[in-house]
>>> print(open('work.pdb').read())   # PDB, C-alpha atoms and all ligand atoms
ATOM      1  CA  MET L   1     114.482 117.514  77.846  1.00  0.00           C
ATOM      2  CA  THR L   2     112.981 115.793  80.839  1.00  0.00           C
ATOM      3  CA  LEU L   3     113.347 116.896  84.441  1.00  0.00           C
ATOM      4  CA  SER L   4     116.228 115.649  86.593  1.00  0.00           C
ATOM      5  CA  SER L   5     115.589 113.587  89.724  1.00  0.00           C
ATOM      6  CA  ILE L   6     116.365 116.650  91.873  1.00  0.00           C
ATOM      7  CA  GLU L   7     113.876 118.793  89.961  1.00  0.00           C
ATOM      8  CA  VAL L   8     111.298 116.024  90.222  1.00  0.00           C
ATOM      9  CA  ASN L   9     111.706 115.769  93.976  1.00  0.00           C
ATOM     10  CA  GLY L  10     110.886 119.480  94.210  1.00  0.00           C
ATOM     11  CA  LEU L  11     107.799 119.024  92.094  1.00  0.00           C
ATOM     12  CA  LYS L  12     106.589 115.938  94.014  1.00  0.00           C
ATOM     13  CA  GLN L  13     106.913 117.719  97.361  1.00  0.00           C
ATOM     14  CA  ALA L  14     103.487 118.303  98.945  1.00  0.00           C
ATOM     15  CA  PRO L  15     102.723 121.932  99.890  1.00  0.00           C
ATOM     16  CA  ALA L  16     104.256 122.745 103.264  1.00  0.00           C
ATOM     17  CA  VAL L  17     101.856 122.647 106.183  1.00  0.00           C
ATOM     18  CA  GLU L  18     103.422 123.699 109.439  1.00  0.00           C
ATOM     19  CA  GLY L  19     103.638 120.844 111.914  1.00  0.00           C
ATOM     20  CA  VAL L  20     103.154 118.051 109.380  1.00  0.00           C
ATOM     21  CA  LEU L  21     106.048 115.591 109.393  1.00  0.00           C
ATOM     22  CA  PRO L  22     108.459 116.662 106.626  1.00  0.00           C
ATOM     23  CA  VAL L  23     108.901 113.064 105.464  1.00  0.00           C
ATOM     24  CA  VAL L  24     105.144 112.778 104.843  1.00  0.00           C
ATOM     25  CA  LEU L  25     105.401 115.756 102.508  1.00  0.00           C
ATOM     26  CA  HIS L  26     108.455 114.641 100.568  1.00  0.00           C
ATOM     27  CA  ARG L  27     107.927 110.867 100.308  1.00  0.00           C
ATOM     28  CA  TRP L  28     106.710 109.723  96.927  1.00  0.00           C
ATOM     29  CA  SER L  29     106.811 106.546  94.838  1.00  0.00           C
ATOM     30  CA  PRO L  30     109.472 106.691  92.120  1.00  0.00           C
ATOM     31  CA  ARG L  31     109.635 104.144  89.317  1.00  0.00           C
ATOM     32  CA  SER L  32     113.168 104.979  88.252  1.00  0.00           C
ATOM     33  CA  PHE L  33     115.850 103.242  90.323  1.00  0.00           C
ATOM     34  CA  ASP L  34     119.590 103.627  89.877  1.00  0.00           C
ATOM     35  CA  GLY L  35     121.970 100.674  90.140  1.00  0.00           C
ATOM     36  CA  ARG L  36     123.071 101.092  93.761  1.00  0.00           C
ATOM     37  CA  ASP L  37     122.441  98.343  96.296  1.00  0.00           C
ATOM     38  CA  VAL L  38     120.779  99.195  99.589  1.00  0.00           C
ATOM     39  CA  ASN L  39     123.176  99.308 102.498  1.00  0.00           C
ATOM     40  CA  PRO L  40     122.350  96.307 104.771  1.00  0.00           C
ATOM     41  CA  ALA L  41     122.181  98.542 107.869  1.00  0.00           C
ATOM     42  CA  ASP L  42     119.581 100.760 106.164  1.00  0.00           C
ATOM     43  CA  LEU L  43     117.622  97.732 105.003  1.00  0.00           C
ATOM     44  CA  ARG L  44     117.464  96.565 108.590  1.00  0.00           C
ATOM     45  CA  LYS L  45     116.239 100.029 109.684  1.00  0.00           C
ATOM     46  CA  VAL L  46     113.235 100.019 107.359  1.00  0.00           C
ATOM     47  CA  PHE L  47     112.052  96.745 108.913  1.00  0.00           C
ATOM     48  CA  GLU L  48     112.946  97.951 112.387  1.00  0.00           C
ATOM     49  CA  ALA L  49     110.608 100.911 111.846  1.00  0.00           C
ATOM     50  CA  ALA L  50     107.842  98.750 110.371  1.00  0.00           C
ATOM     51  CA  ARG L  51     108.064  96.485 113.419  1.00  0.00           C
ATOM     52  CA  TRP L  52     106.889  99.344 115.643  1.00  0.00           C
ATOM     53  CA  ALA L  53     103.640  99.957 113.766  1.00  0.00           C
ATOM     54  CA  PRO L  54     100.430  99.579 115.791  1.00  0.00           C
ATOM     55  CA  SER L  55      98.267  96.507 115.291  1.00  0.00           C
ATOM     56  CA  SER L  56      95.032  95.002 116.575  1.00  0.00           C
ATOM     57  CA  TYR L  57      95.742  93.118 119.844  1.00  0.00           C
ATOM     58  CA  ASN L  58      99.411  93.876 119.148  1.00  0.00           C
ATOM     59  CA  GLU L  59      99.289  90.777 116.970  1.00  0.00           C
ATOM     60  CA  GLN L  60     101.897  92.160 114.548  1.00  0.00           C
ATOM     61  CA  PRO L  61     100.457  89.972 111.778  1.00  0.00           C
ATOM     62  CA  TRP L  62     102.881  91.333 109.162  1.00  0.00           C
ATOM     63  CA  ARG L  63     105.621  89.189 107.650  1.00  0.00           C
ATOM     64  CA  PHE L  64     108.010  90.438 104.991  1.00  0.00           C
ATOM     65  CA  ILE L  65     109.768  88.232 102.440  1.00  0.00           C
ATOM     66  CA  VAL L  66     112.797  90.185 101.304  1.00  0.00           C
ATOM     67  CA  GLY L  67     114.635  89.433  98.082  1.00  0.00           C
ATOM     68  CA  LEU L  68     117.993  90.981  97.167  1.00  0.00           C
ATOM     69  CA  ARG L  69     118.926  91.355  93.519  1.00  0.00           C
ATOM     70  CA  ASN L  70     120.114  88.100  91.892  1.00  0.00           C
ATOM     71  CA  SER L  71     118.776  85.946  94.719  1.00  0.00           C
ATOM     72  CA  ASP L  72     116.269  83.167  94.271  1.00  0.00           C
ATOM     73  CA  THR L  73     113.721  85.065  96.391  1.00  0.00           C
ATOM     74  CA  TYR L  74     114.122  88.266  94.338  1.00  0.00           C
ATOM     75  CA  ASN L  75     113.635  86.345  91.097  1.00  0.00           C
ATOM     76  CA  LYS L  76     110.582  84.585  92.484  1.00  0.00           C
ATOM     77  CA  ILE L  77     108.931  87.849  93.577  1.00  0.00           C
ATOM     78  CA  ALA L  78     109.862  89.475  90.244  1.00  0.00           C
ATOM     79  CA  SER L  79     108.312  86.580  88.334  1.00  0.00           C
ATOM     80  CA  THR L  80     104.884  87.379  89.819  1.00  0.00           C
ATOM     81  CA  LEU L  81     104.802  91.051  88.762  1.00  0.00           C
ATOM     82  CA  VAL L  82     102.515  92.166  85.945  1.00  0.00           C
ATOM     83  CA  ALA L  83     104.442  93.213  82.837  1.00  0.00           C
ATOM     84  CA  PHE L  84     103.905  96.936  83.486  1.00  0.00           C
ATOM     85  CA  ASN L  85     105.501  96.696  86.943  1.00  0.00           C
ATOM     86  CA  LYS L  86     108.173  94.186  85.944  1.00  0.00           C
ATOM     87  CA  ALA L  87     109.521  96.628  83.365  1.00  0.00           C
ATOM     88  CA  TRP L  88     110.592  99.199  85.968  1.00  0.00           C
ATOM     89  CA  ALA L  89     110.536  97.458  89.355  1.00  0.00           C
ATOM     90  CA  THR L  90     113.177  94.885  88.451  1.00  0.00           C
ATOM     91  CA  LYS L  91     115.744  97.713  88.283  1.00  0.00           C
ATOM     92  CA  ALA L  92     115.326  98.047  92.067  1.00  0.00           C
ATOM     93  CA  PRO L  93     117.893  96.116  94.134  1.00  0.00           C
ATOM     94  CA  VAL L  94     115.313  94.919  96.692  1.00  0.00           C
ATOM     95  CA  LEU L  95     111.832  93.457  96.278  1.00  0.00           C
ATOM     96  CA  ILE L  96     109.715  92.835  99.361  1.00  0.00           C
ATOM     97  CA  LEU L  97     106.499  90.848  99.593  1.00  0.00           C
ATOM     98  CA  GLY L  98     104.310  91.754 102.573  1.00  0.00           C
ATOM     99  CA  VAL L  99     101.884  89.129 103.904  1.00  0.00           C
ATOM    100  CA  ALA L 100      99.647  89.048 106.966  1.00  0.00           C
ATOM    101  CA  LYS L 101      98.672  86.257 109.343  1.00  0.00           C
ATOM    102  CA  THR L 102      94.899  86.065 109.256  1.00  0.00           C
ATOM    103  CA  LYS L 103      94.327  84.308 112.602  1.00  0.00           C
ATOM    104  CA  PHE L 104      95.031  85.674 116.057  1.00  0.00           C
ATOM    105  CA  SER L 105      97.814  83.843 117.881  1.00  0.00           C
ATOM    106  CA  HIS L 106      96.077  84.034 121.263  1.00  0.00           C
ATOM    107  CA  ASN L 107      92.859  82.229 120.282  1.00  0.00           C
ATOM    108  CA  GLY L 108      93.006  81.256 116.603  1.00  0.00           C
ATOM    109  CA  ALA L 109      90.014  83.503 115.783  1.00  0.00           C
ATOM    110  CA  PRO L 110      89.980  85.314 112.423  1.00  0.00           C
ATOM    111  CA  ASN L 111      91.877  88.593 112.510  1.00  0.00           C
ATOM    112  CA  HIS L 112      89.838  90.898 110.295  1.00  0.00           C
ATOM    113  CA  TYR L 113      92.446  93.609 110.752  1.00  0.00           C
ATOM    114  CA  ALA L 114      95.404  91.593 109.465  1.00  0.00           C
ATOM    115  CA  LEU L 115      95.719  93.370 106.107  1.00  0.00           C
ATOM    116  CA  TYR L 116      94.857  96.696 107.722  1.00  0.00           C
ATOM    117  CA  ASP L 117      97.762  96.206 110.124  1.00  0.00           C
ATOM    118  CA  LEU L 118     100.094  95.114 107.324  1.00  0.00           C
ATOM    119  CA  GLY L 119      99.190  98.357 105.543  1.00  0.00           C
ATOM    120  CA  ALA L 120     100.027 100.342 108.661  1.00  0.00           C
ATOM    121  CA  ALA L 121     103.427  98.636 108.859  1.00  0.00           C
ATOM    122  CA  ALA L 122     104.004  99.223 105.149  1.00  0.00           C
ATOM    123  CA  SER L 123     103.271 102.917 105.646  1.00  0.00           C
ATOM    124  CA  VAL L 124     105.868 103.156 108.385  1.00  0.00           C
ATOM    125  CA  LEU L 125     108.291 101.192 106.220  1.00  0.00           C
ATOM    126  CA  VAL L 126     108.029 103.581 103.268  1.00  0.00           C
ATOM    127  CA  LEU L 127     108.285 106.651 105.499  1.00  0.00           C
ATOM    128  CA  GLN L 128     111.415 105.228 107.145  1.00  0.00           C
ATOM    129  CA  ALA L 129     112.823 104.447 103.709  1.00  0.00           C
ATOM    130  CA  ALA L 130     112.244 108.051 102.602  1.00  0.00           C
ATOM    131  CA  THR L 131     113.901 109.284 105.796  1.00  0.00           C
ATOM    132  CA  LEU L 132     116.996 107.283 104.864  1.00  0.00           C
ATOM    133  CA  GLY L 133     117.037 108.704 101.325  1.00  0.00           C
ATOM    134  CA  LEU L 134     115.701 105.487  99.830  1.00  0.00           C
ATOM    135  CA  ALA L 135     112.967 105.178  97.227  1.00  0.00           C
ATOM    136  CA  ALA L 136     110.117 102.744  97.917  1.00  0.00           C
ATOM    137  CA  HIS L 137     107.261 101.908  95.571  1.00  0.00           C
ATOM    138  CA  GLN L 138     104.432  99.614  96.629  1.00  0.00           C
ATOM    139  CA  MET L 139     102.629  97.469  94.067  1.00  0.00           C
ATOM    140  CA  GLY L 140      99.381  95.573  93.917  1.00  0.00           C
ATOM    141  CA  GLY L 141     100.042  94.607  90.312  1.00  0.00           C
ATOM    142  CA  PHE L 142     101.288  91.071  90.747  1.00  0.00           C
ATOM    143  CA  ASP L 143      99.810  87.570  90.691  1.00  0.00           C
ATOM    144  CA  GLN L 144      98.946  86.830  94.317  1.00  0.00           C
ATOM    145  CA  GLU L 145      98.365  83.123  93.853  1.00  0.00           C
ATOM    146  CA  ALA L 146     101.600  82.750  91.903  1.00  0.00           C
ATOM    147  CA  ALA L 147     103.407  84.544  94.758  1.00  0.00           C
ATOM    148  CA  ARG L 148     101.812  82.201  97.294  1.00  0.00           C
ATOM    149  CA  LYS L 149     102.917  79.212  95.265  1.00  0.00           C
ATOM    150  CA  VAL L 150     106.491  80.155  94.373  1.00  0.00           C
ATOM    151  CA  LEU L 151     107.260  81.480  97.838  1.00  0.00           C
ATOM    152  CA  GLY L 152     105.432  78.786  99.788  1.00  0.00           C
ATOM    153  CA  ILE L 153     103.157  81.171 101.718  1.00  0.00           C
ATOM    154  CA  PRO L 154     100.750  79.161 103.925  1.00  0.00           C
ATOM    155  CA  GLY L 155      96.998  79.465 103.339  1.00  0.00           C
ATOM    156  CA  ASP L 156      96.362  81.296 106.614  1.00  0.00           C
ATOM    157  CA  TYR L 157      98.475  84.262 105.504  1.00  0.00           C
ATOM    158  CA  ALA L 158      96.864  86.908 103.284  1.00  0.00           C
ATOM    159  CA  ILE L 159      98.965  88.333 100.490  1.00  0.00           C
ATOM    160  CA  GLY L 160      99.472  92.115 100.692  1.00  0.00           C
ATOM    161  CA  SER L 161     101.691  94.063  98.330  1.00  0.00           C
ATOM    162  CA  VAL L 162     105.144  93.991  96.769  1.00  0.00           C
ATOM    163  CA  THR L 163     107.478  96.905  97.466  1.00  0.00           C
ATOM    164  CA  ALA L 164     110.415  97.854  95.268  1.00  0.00           C
ATOM    165  CA  LEU L 165     113.176  99.459  97.323  1.00  0.00           C
ATOM    166  CA  GLY L 166     116.376 101.157  96.251  1.00  0.00           C
ATOM    167  CA  TYR L 167     117.754 104.541  95.298  1.00  0.00           C
ATOM    168  CA  GLN L 168     115.895 106.903  93.035  1.00  0.00           C
ATOM    169  CA  GLY L 169     117.191 107.077  89.488  1.00  0.00           C
ATOM    170  CA  GLU L 170     116.862 109.682  86.773  1.00  0.00           C
ATOM    171  CA  PRO L 171     113.420 109.940  85.133  1.00  0.00           C
ATOM    172  CA  ALA L 172     115.069 109.882  81.698  1.00  0.00           C
ATOM    173  CA  ALA L 173     116.310 106.333  82.388  1.00  0.00           C
ATOM    174  CA  LEU L 174     112.741 104.990  82.294  1.00  0.00           C
ATOM    175  CA  ALA L 175     111.758 102.864  79.309  1.00  0.00           C
ATOM    176  CA  ASP L 176     109.049 104.993  77.713  1.00  0.00           C
ATOM    177  CA  GLU L 177     107.404 108.394  77.476  1.00  0.00           C
ATOM    178  CA  HIS L 178     104.347 107.329  79.465  1.00  0.00           C
ATOM    179  CA  LEU L 179     106.473 106.319  82.467  1.00  0.00           C
ATOM    180  CA  ILE L 180     108.568 109.476  82.203  1.00  0.00           C
ATOM    181  CA  ALA L 181     105.414 111.628  82.077  1.00  0.00           C
ATOM    182  CA  ASN L 182     104.113 109.971  85.274  1.00  0.00           C
ATOM    183  CA  GLU L 183     107.476 110.252  86.974  1.00  0.00           C
ATOM    184  CA  THR L 184     107.621 113.982  86.307  1.00  0.00           C
ATOM    185  CA  ALA L 185     103.991 114.886  87.113  1.00  0.00           C
ATOM    186  CA  PRO L 186     103.049 116.533  90.415  1.00  0.00           C
ATOM    187  CA  ARG L 187     101.417 114.349  93.059  1.00  0.00           C
ATOM    188  CA  THR L 188      97.718 114.917  93.604  1.00  0.00           C
ATOM    189  CA  ARG L 189      95.377 114.280  96.532  1.00  0.00           C
ATOM    190  CA  LYS L 190      91.684 114.693  97.259  1.00  0.00           C
ATOM    191  CA  PRO L 191      90.906 117.813  99.271  1.00  0.00           C
ATOM    192  CA  LEU L 192      90.321 117.436 103.012  1.00  0.00           C
ATOM    193  CA  ASN L 193      86.685 118.501 102.671  1.00  0.00           C
ATOM    194  CA  GLU L 194      86.071 115.404 100.559  1.00  0.00           C
ATOM    195  CA  ILE L 195      87.626 112.911 102.966  1.00  0.00           C
ATOM    196  CA  VAL L 196      86.873 114.278 106.441  1.00  0.00           C
ATOM    197  CA  MET L 197      83.226 114.480 107.468  1.00  0.00           C
ATOM    198  CA  ALA L 198      81.343 115.745 110.481  1.00  0.00           C
ATOM    199  CA  ALA L 199      78.469 113.461 109.445  1.00  0.00           C
ATOM    200  CA  TRP L 200      78.087 111.243 106.391  1.00  0.00           C
ATOM    201  CA  GLY L 201      78.133 113.456 103.308  1.00  0.00           C
ATOM    202  CA  GLU L 202      78.838 116.611 105.316  1.00  0.00           C
ATOM    203  CA  SER L 203      82.362 118.038 105.286  1.00  0.00           C
ATOM    204  CA  ALA L 204      83.931 118.635 108.662  1.00  0.00           C
ATOM    205  CA  GLU L 205      84.879 122.236 109.428  1.00  0.00           C
ATOM    206  CA  LEU L 206      88.633 122.169 109.956  1.00  0.00           C
ATOM    207  CA  ALA L 207      90.823 125.134 110.851  1.00  0.00           C
TER     208      ALA L 207
HETATM  209  C1  LIG N   1      98.529  98.978  97.807  1.00  0.00           C
HETATM  210  C2  LIG N   1      99.185  99.775  96.687  1.00  0.00           C
HETATM  211  C3  LIG N   1      99.264  99.223  95.422  1.00  0.00           C
HETATM  212  C4  LIG N   1      99.902  99.912  94.396  1.00  0.00           C
HETATM  213  N1  LIG N   1     100.065  99.298  93.175  1.00  0.00           N
HETATM  214  C5  LIG N   1     100.854  99.860  92.247  1.00  0.00           C
HETATM  215  C6  LIG N   1     101.209  99.144  91.066  1.00  0.00           C
HETATM  216  O1  LIG N   1     100.858  97.985  90.871  1.00  0.00           O
HETATM  217  N2  LIG N   1     102.000  99.786  90.147  1.00  0.00           N
HETATM  218  C7  LIG N   1     102.446 101.062  90.341  1.00  0.00           C
HETATM  219  O2  LIG N   1     103.150 101.560  89.472  1.00  0.00           O
HETATM  220  N3  LIG N   1     102.139 101.759  91.463  1.00  0.00           N
HETATM  221  C8  LIG N   1     101.369 101.188  92.424  1.00  0.00           C
HETATM  222  N4  LIG N   1     101.101 101.859  93.601  1.00  0.00           N
HETATM  223  C9  LIG N   1     101.623 103.215  93.826  1.00  0.00           C
HETATM  224  C10 LIG N   1     100.512 104.251  93.784  1.00  0.00           C
HETATM  225  O3  LIG N   1     100.089 104.432  92.456  1.00  0.00           O
HETATM  226  C11 LIG N   1     101.010 105.574  94.419  1.00  0.00           C
HETATM  227  O4  LIG N   1     101.310 105.358  95.773  1.00  0.00           O
HETATM  228  C12 LIG N   1      99.969 106.679  94.285  1.00  0.00           C
HETATM  229  O5  LIG N   1      99.788 107.031  92.942  1.00  0.00           O
HETATM  230  C13 LIG N   1     100.359 107.915  95.074  1.00  0.00           C
HETATM  231  O6  LIG N   1     101.599 108.375  94.646  1.00  0.00           O
HETATM  232  P1  LIG N   1     102.772 108.666  95.688  1.00  0.00           P
HETATM  233  O7  LIG N   1     103.048 107.382  96.459  1.00  0.00           O
HETATM  234  O8  LIG N   1     103.949 109.061  94.830  1.00  0.00           O
HETATM  235  O9  LIG N   1     102.326 109.760  96.604  1.00  0.00           O
HETATM  236  C14 LIG N   1     100.443 101.203  94.633  1.00  0.00           C
HETATM  237  C15 LIG N   1     100.353 101.748  95.923  1.00  0.00           C
HETATM  238  C16 LIG N   1      99.749 101.053  96.940  1.00  0.00           C
HETATM  239  C17 LIG N   1      99.719 101.651  98.334  1.00  0.00           C
END
>>> encode(input="work.pdb", output="structure tokens", more="lines below")
Ligand SMILES: Cc1cc2nc3c(=O)[nH]c(=O)nc-3n(C[C@H](O)[C@H](O)[C@H](O)COP(=O)(O)O)c2cc1C
Amino acid sequence: MTLSSIEVNGLKQAPAVEGVLPVVLHRWSPRSFDGRDVNPADLRKVFEAARWAPSSYNEQPWRFIVGLRNSDTYNKIASTLVAFNKAWATKAPVLILGVAKTKFSHNGAPNHYALYDLGAAASVLVLQAATLGLAAHQMGGFDQEAARKVLGIPGDYAIGSVTALGYQGEPAALADEHLIANETAPRTRKPLNEIVMAAWGESAELA
């Protein structure tokens, strides 16, 4: 007997830390999606939130190609996924490809922060999705050059990630035991003393 989606959400929840945004603690990346379509108003909200992410020079280099199930764009994005991702992500009703403009609009100089800024927008997007009760799962496992080709992405845009968006499904609906085991395992993170330093190699003393 595997865990239900409700039980899994309890297990994926990060330990409560007072003052940390609740959505940061409960957001996670499911691979099981149920059949429901995303309400168009909610879909708009996830992009509305992403739009307000910070970016270098306020360039807002992010662009999102959004494909709804059964559309040409959806099928094109799906066609670029590696087999492992295709197996579960194509149950999601929405696939989004994020790309970033690599030159600044004001002077044409290279924007070395383009992908960094796209990542910031993607982070806001997935947090907004979780706030709306949606499941979002980002993927790097796809053929970037195939995506550029089938979607006609110009050469001065860097390819970021694909995000599957929809409603969380039951873990038991996943295709195999390996996926179910991942779906029902607790989330893990490095401890703060490994990632925050007062000087290189020296953990910062935090309260
Ligand atoms: C840029 C990026 C690429 C990722 N690529 C994949 C992927 O190809 N396939 C996959 O199943 N998960 C992928 N993930 C999801 C991560 O594995 C997941 O976010 C991580 O294990 C932390 O789990 P959580 O999001 O549930 O907290 C990716 C996440 C990011 C941000």
>>> closest_residue(input="work.pdb", among="L:Gly140, L:Pro30, L:Gly152, L:Gly67", to="Gln168 of chain L", atoms="only C-alpha atoms")
L:Pro30
>>> residues_near_ligand(input="work.pdb", ligand="ligand LIG 1 (chain N)", cutoff="6 Å", atoms="only C-alpha atoms and all ligand atoms", output="number ranges by chain")
L: 28-29, 85, 138-141, 161, 187
>>> residues_around(input="work.pdb", residues="segment 52-65 of chain L", least_positions_apart="6", cutoff="6 Å", atoms="all atoms listed in the file", output="list in words")
Ile96, Leu97, Gly98, Val99, Ala100, Lys101, Ala114, Asp117, Leu118 and Ala121 of chain L
>>> atom_distance(input="work.pdb", atom1="atom CA of Ala78 of chain L", atom2="atom CA of Thr90 of chain L")
6.6 Å
>>> atom_distance(input="work.pdb", atom1="atom CA of Leu43 of chain L", atom2="atom CA of Tyr74 of chain L")
14.7 Å
>>> residues_around(input="work.pdb", residues="Ser32 of chain L", least_positions_apart="6", cutoff="7 Å", atoms="all atoms listed in the file", output="PyMOL selection string")
chain L and resi 88+168-171+173-174
>>> closest_atom_pairs(input="work.pdb", of="segment 118-141 of chain L", to="segment 44-47 of chain L", cutoff="7 Å", atoms="only C-alpha atoms", output="tab-separated table")
residue	atom	partner	partner_atom	distance
L:Leu125	CA	L:Val46	CA	5.2
L:Gln128	CA	L:Val46	CA	5.5
L:Ala129	CA	L:Val46	CA	5.8
>>> atom_distance(input="work.pdb", atom1="atom CA of Ser123 of chain L", atom2="atom CA of Ala49 of chain L")
9.8 Å
>>> resolve_selection(input="work.pdb", expression="the PyMOL selection byres (((chain L and resi 33) around 7) and not hetatm)", output="PyMOL selection string")
chain L and resi 31-32+34-35+91-92+166-169
>>> closest_residue(input="work.pdb", among="L:Leu206, L:Ala185, L:Ile195, L:Ala122", to="Ser5 of chain L", atoms="all atoms listed in the file")
L:Ala185
>>> build_atoms(input="work.pdb", residues="segment 185-198 of chain L", atoms="N, CA, C and O atoms", output="tab-separated table (two decimals), in the frame of the given file")
chain	number	residue	atom	x	y	z
L	185	ALA	N	105.25	114.15	86.86
L	185	ALA	CA	103.99	114.89	87.11
L	185	ALA	C	103.86	115.15	88.61
L	185	ALA	O	104.28	114.32	89.42
L	186	PRO	N	103.25	116.27	88.98
L	186	PRO	CA	103.05	116.53	90.42
L	186	PRO	C	102.16	115.47	91.05
L	186	PRO	O	101.36	114.83	90.36
L	187	ARG	N	102.30	115.27	92.34
L	187	ARG	CA	101.42	114.35	93.06
L	187	ARG	C	100.10	115.06	93.33
L	187	ARG	O	100.07	116.27	93.51
L	188	THR	N	99.03	114.30	93.35
L	188	THR	CA	97.72	114.92	93.60
L	188	THR	C	97.03	114.17	94.75
L	188	THR	O	97.28	112.99	94.98
L	189	ARG	N	96.17	114.88	95.46
L	189	ARG	CA	95.38	114.28	96.53
L	189	ARG	C	93.99	114.91	96.57
L	189	ARG	O	93.82	116.08	96.18
L	190	LYS	N	93.03	114.14	97.05
L	190	LYS	CA	91.68	114.69	97.26
L	190	LYS	C	91.77	115.79	98.32
L	190	LYS	O	92.58	115.69	99.24
L	191	PRO	N	90.89	116.78	98.23
L	191	PRO	CA	90.91	117.81	99.27
L	191	PRO	C	90.36	117.26	100.58
L	191	PRO	O	89.58	116.30	100.60
L	192	LEU	N	90.77	117.89	101.68
L	192	LEU	CA	90.32	117.44	103.01
L	192	LEU	C	88.81	117.43	103.13
L	192	LEU	O	88.24	116.54	103.76
L	193	ASN	N	88.15	118.43	102.50
L	193	ASN	CA	86.68	118.50	102.67
L	193	ASN	C	85.95	117.35	101.97
L	193	ASN	O	84.75	117.19	102.15
L	194	GLU	N	86.68	116.58	101.18
L	194	GLU	CA	86.07	115.40	100.56
L	194	GLU	C	86.28	114.15	101.41
L	194	GLU	O	85.50	113.19	101.31
L	195	ILE	N	87.30	114.16	102.26
L	195	ILE	CA	87.63	112.91	102.97
L	195	ILE	C	87.37	112.97	104.47
L	195	ILE	O	87.41	111.94	105.14
L	196	VAL	N	87.13	114.15	105.00
L	196	VAL	CA	86.87	114.28	106.44
L	196	VAL	C	85.48	114.84	106.62
L	196	VAL	O	85.17	115.92	106.11
L	197	MET	N	84.64	114.09	107.34
L	197	MET	CA	83.23	114.48	107.47
L	197	MET	C	82.82	114.64	108.92
L	197	MET	O	83.29	113.89	109.80
L	198	ALA	N	81.93	115.58	109.15
L	198	ALA	CA	81.34	115.74	110.48
L	198	ALA	C	80.17	114.77	110.63
L	198	ALA	O	79.85	114.32	111.73
